[in-house]
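The block underneath contains the structure these notes are about, expressed in structure tokens.
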Amino acid sequence: MAARLIAVISIIIFTFSGVSFCNEKINITVTHPWLALLASFIGGAEVSVTPLRIWNKNGDLSMSDRGRILKELESGSKIIALDKSDAEESGINDRNKDKFSVKYLYSPFPVSYNALYDPSVIPFVAQRVLNALSEWDVQNYSYYQRRLAEFQARLSSSVLVGQVLKDITICDLTGSAGVLLKAAGCKVNRSEKFDEWQKGNLSGFREYLDLQRSKGSIILIDDDTPANITRSLSRRPDVYKWERPPLDVDYPAFLYEQYISLWQKITAKPLPGRNKTR
């Protein structure tokens, strides 16, 4: 009887340890914060994602954990990069790239990395993330495909929700986020002097803002807005900031909340020239 019990226990332990092993997450390292968002969503429960670079408080990219993550990567680690340039900026170069299993999504990435804010661009990058994950983990291809379909559907739904902002005039002082307001149907105005202002010459800047405010325009900034412009706006109550997504967030849900939050701010405290009930 004791021998039979031991045998049964052994079978149970072996069975459950086998299940645990089969369901072990695949560890993926990514070079860019946007790739962290995409790989985390598409990988879901099957993938653990670590970014080599993060957005810092200044809105710039910096090495995660002061570069220690890269230094501690084991030989054969799986890395996804947007392109070779992105990889090099993340510390993956000719000296160490052969140590890792690196997949470049593009050669090179055809537009600025800031284009990843664009909801018409990011699904194409997400598709390539799926391809990379599937090459390393073929058995879960169907799962990743379903996750990608969910991401695309929910991203589209979030942009549709953003239509509550349709026809609202935006004074665009953002570095990247203006494209998200265009996607929502906003009337996005960008001064032809913006390039001059971001270089430090703020001639005519305050007059321009006062004119925009008198017309009821929403003055919008983000983390990529040049620092000198952001500092000059620090005491203005009519400025709204478009937030950058945390790396552990469900991006479509975050985008939905951003659109609704901006709409609530506008309707709660309408600017001069705007009707609160509009």
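Residue numbering restarts at 1 in every chain; chains get A, B, ... in the order shown in the structure tokens, and ligands count up from 1 in that same order.
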Skipping near chain neighbours, those fewer than 4 positions away, what residues fall within 7 Å of region 114-128 of chain A using only C-alpha atoms, listed as number ranges by chain?
A: 38, 105, 132, 152, 176-177, 179-180
Run DSSP on the backbone and give me the residues of region 75-256 of chain A it puts in strand (DSSP E or B), as a ChimeraX atom specification.
/A:78-81,101-104,169-172,187-189,218-222,239-242
So which one's closest to Leu61 (chain A), A:Glu257, A:Glu135, A:Asp172, A:Asp224? Using only C-alpha atoms, please.
A:Asp224
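Take CA of Ala183 (chain A) and CA of Pro226 (chain A): the distance between them is 22.6 Å.
Atom pair CA of Ser234 (chain A) / CA of Asn201 (chain A): separated by 17.5 Å.
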